[in-house]
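K.L.:
This is data-v2.pdb (PDB, C-alpha atoms, pLDDT in the B column).
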```
MODEL        1
ATOM      1  CA  MET A   1    -149.992 -49.407 103.494  1.00 70.00           C
ATOM      2  CA  ASP A   2    -152.832 -47.921 105.541  1.00 85.00           C
ATOM      3  CA  GLN A   3    -152.461 -44.601 103.717  1.00 89.00           C
ATOM      4  CA  LEU A   4    -152.739 -46.319 100.338  1.00 88.00           C
ATOM      5  CA  GLU A   5    -155.802 -48.322 101.374  1.00 91.00           C
ATOM      6  CA  HIS A   6    -157.442 -45.167 102.698  1.00 92.00           C
ATOM      7  CA  ALA A   7    -156.607 -43.313  99.466  1.00 93.00           C
ATOM      8  CA  ALA A   8    -158.114 -46.129  97.385  1.00 92.00           C
ATOM      9  CA  ARG A   9    -161.317 -46.178  99.449  1.00 94.00           C
ATOM     10  CA  ASN A  10    -161.738 -42.418  99.023  1.00 94.00           C
ATOM     11  CA  GLY A  11    -160.498 -42.061  95.426  1.00 92.00           C
ATOM     12  CA  ARG A  12    -157.597 -39.803  96.394  1.00 95.00           C
ATOM     13  CA  ARG A  13    -154.654 -38.880  94.221  1.00 97.00           C
ATOM     14  CA  VAL A  14    -151.299 -40.446  94.984  1.00 96.00           C
ATOM     15  CA  ALA A  15    -147.897 -39.157  93.861  1.00 97.00           C
ATOM     16  CA  LEU A  16    -145.319 -41.916  93.593  1.00 95.00           C
ATOM     17  CA  MET A  17    -141.827 -42.446  92.269  1.00 96.00           C
ATOM     18  CA  ARG A  18    -140.846 -45.670  90.541  1.00 93.00           C
ATOM     19  CA  ARG A  19    -137.442 -46.144  88.860  1.00 94.00           C
ATOM     20  CA  GLY A  20    -136.874 -42.379  88.667  1.00 94.00           C
ATOM     21  CA  THR A  21    -140.250 -41.508  87.122  1.00 95.00           C
ATOM     22  CA  GLU A  22    -142.980 -39.648  88.989  1.00 96.00           C
ATOM     23  CA  PHE A  23    -146.585 -40.718  88.521  1.00 96.00           C
ATOM     24  CA  ILE A  24    -149.703 -39.006  89.847  1.00 96.00           C
ATOM     25  CA  VAL A  25    -152.632 -41.395  89.802  1.00 97.00           C
ATOM     26  CA  VAL A  26    -156.075 -41.715  91.332  1.00 97.00           C
ATOM     27  CA  ALA A  27    -155.866 -44.726  93.642  1.00 96.00           C
ATOM     28  CA  LEU A  28    -158.419 -47.401  92.741  1.00 96.00           C
ATOM     29  CA  ARG A  29    -157.452 -50.389  94.888  1.00 94.00           C
ATOM     30  CA  VAL A  30    -154.673 -52.126  96.750  1.00 94.00           C
ATOM     31  CA  THR A  31    -154.631 -55.848  96.049  1.00 92.00           C
ATOM     32  CA  SER A  32    -152.298 -58.767  95.504  1.00 91.00           C
ATOM     33  CA  ALA A  33    -151.014 -60.033  92.168  1.00 84.00           C
ATOM     34  CA  GLY A  34    -149.266 -63.344  92.552  1.00 88.00           C
ATOM     35  CA  ARG A  35    -146.980 -63.001  95.554  1.00 92.00           C
ATOM     36  CA  HIS A  36    -146.817 -59.183  95.432  1.00 93.00           C
ATOM     37  CA  GLU A  37    -148.984 -56.404  96.841  1.00 95.00           C
ATOM     38  CA  VAL A  38    -149.923 -53.867  94.151  1.00 95.00           C
ATOM     39  CA  LEU A  39    -151.534 -50.455  93.857  1.00 95.00           C
ATOM     40  CA  VAL A  40    -153.883 -50.039  90.914  1.00 96.00           C
ATOM     41  CA  GLY A  41    -154.241 -46.414  89.878  1.00 96.00           C
ATOM     42  CA  LEU A  42    -155.899 -44.430  87.119  1.00 96.00           C
ATOM     43  CA  LEU A  43    -153.986 -41.834  85.095  1.00 95.00           C
ATOM     44  CA  PRO A  44    -156.380 -38.855  85.032  1.00 92.00           C
ATOM     45  CA  MET A  45    -155.120 -37.490  81.687  1.00 92.00           C
ATOM     46  CA  THR A  46    -155.592 -40.686  79.683  1.00 94.00           C
ATOM     47  CA  GLY A  47    -157.901 -42.866  81.754  1.00 94.00           C
ATOM     48  CA  GLU A  48    -155.311 -45.646  81.586  1.00 96.00           C
ATOM     49  CA  GLU A  49    -155.187 -48.072  84.519  1.00 96.00           C
ATOM     50  CA  LEU A  50    -151.652 -48.736  85.819  1.00 95.00           C
ATOM     51  CA  THR A  51    -150.455 -51.348  88.290  1.00 95.00           C
ATOM     52  CA  PHE A  52    -147.537 -50.616  90.629  1.00 95.00           C
ATOM     53  CA  ARG A  53    -145.871 -53.296  92.744  1.00 94.00           C
ATOM     54  CA  LEU A  54    -145.450 -51.825  96.218  1.00 94.00           C
ATOM     55  CA  ASP A  55    -141.915 -53.194  96.560  1.00 94.00           C
ATOM     56  CA  GLU A  56    -140.899 -51.232  93.422  1.00 94.00           C
ATOM     57  CA  ILE A  57    -142.169 -47.850  94.661  1.00 94.00           C
ATOM     58  CA  ASP A  58    -139.304 -45.617  95.797  1.00 95.00           C
ATOM     59  CA  ALA A  59    -141.429 -42.851  97.362  1.00 95.00           C
ATOM     60  CA  MET A  60    -145.144 -42.224  97.811  1.00 93.00           C
ATOM     61  CA  GLN A  61    -147.383 -39.430  99.082  1.00 95.00           C
ATOM     62  CA  VAL A  62    -151.164 -39.238  99.294  1.00 95.00           C
ATOM     63  CA  LEU A  63    -152.306 -35.842  98.000  1.00 94.00           C
ATOM     64  CA  GLU A  64    -155.164 -33.901  99.574  1.00 81.00           C
TER      65      GLU A  64
ENDMDL
END
```
Before we go any further, please render this structure as structure tokens.

P.N.:
Amino acid sequence: MDQLEHAARNGRRVALMRRGTEFIVVALRVTSAGRHEVLVGLLPMTGEELTFRLDEIDAMQVLE
């Protein structure tokens, strides 16, 4: 969780796996949505904002 918050503060890229699909996003913020913690990230290729529930992420790595 600390790594994700740090990545969001500094606008770092994050590689994550969810349900067998890899996403590389620019971390925007870590927040709560309802009862779940979520990562909001920006897809660099399209500019689309995606929301990932942290309990659905299978693997995650902050990229330098």

K.L.:
Within 9 Å of segment 11-28 of chain A, counting all atoms listed in the file, which residues qualify if same-chain residues fewer than 2 places away don't, as a PyMOL selection string?

P.N.:
chain A and resi 4-9+30+39-44+49-50+52+56-64

K.L.:
Enter the distance from atom CA of Arg53 of chain A to atom CA of Ala33 of chain A, in Å, rounded to one decimal.

P.N.:
8.5 Å

K.L.:
Do a neighbour search on Arg35 of chain A at 12 Å with only C-alpha atoms, toss out local chain neighbours closer than 4 positions, and write the hits as a VMD selection string.

P.N.:
chain A and resid 31 53 to 55

K.L.:
For the selection just defined, write its residues with C-alpha atoms to a file, as an mmCIF file, in the frame of the given file.

P.N.:
```
data_model
loop_
_atom_site.group_PDB
_atom_site.id
_atom_site.type_symbol
_atom_site.label_atom_id
_atom_site.label_comp_id
_atom_site.auth_asym_id
_atom_site.auth_seq_id
_atom_site.Cartn_x
_atom_site.Cartn_y
_atom_site.Cartn_z
ATOM 1 C CA THR A 31 -154.631 -55.848 96.049
ATOM 2 C CA ARG A 53 -145.871 -53.296 92.744
ATOM 3 C CA LEU A 54 -145.450 -51.825 96.218
ATOM 4 C CA ASP A 55 -141.915 -53.194 96.560
#
```
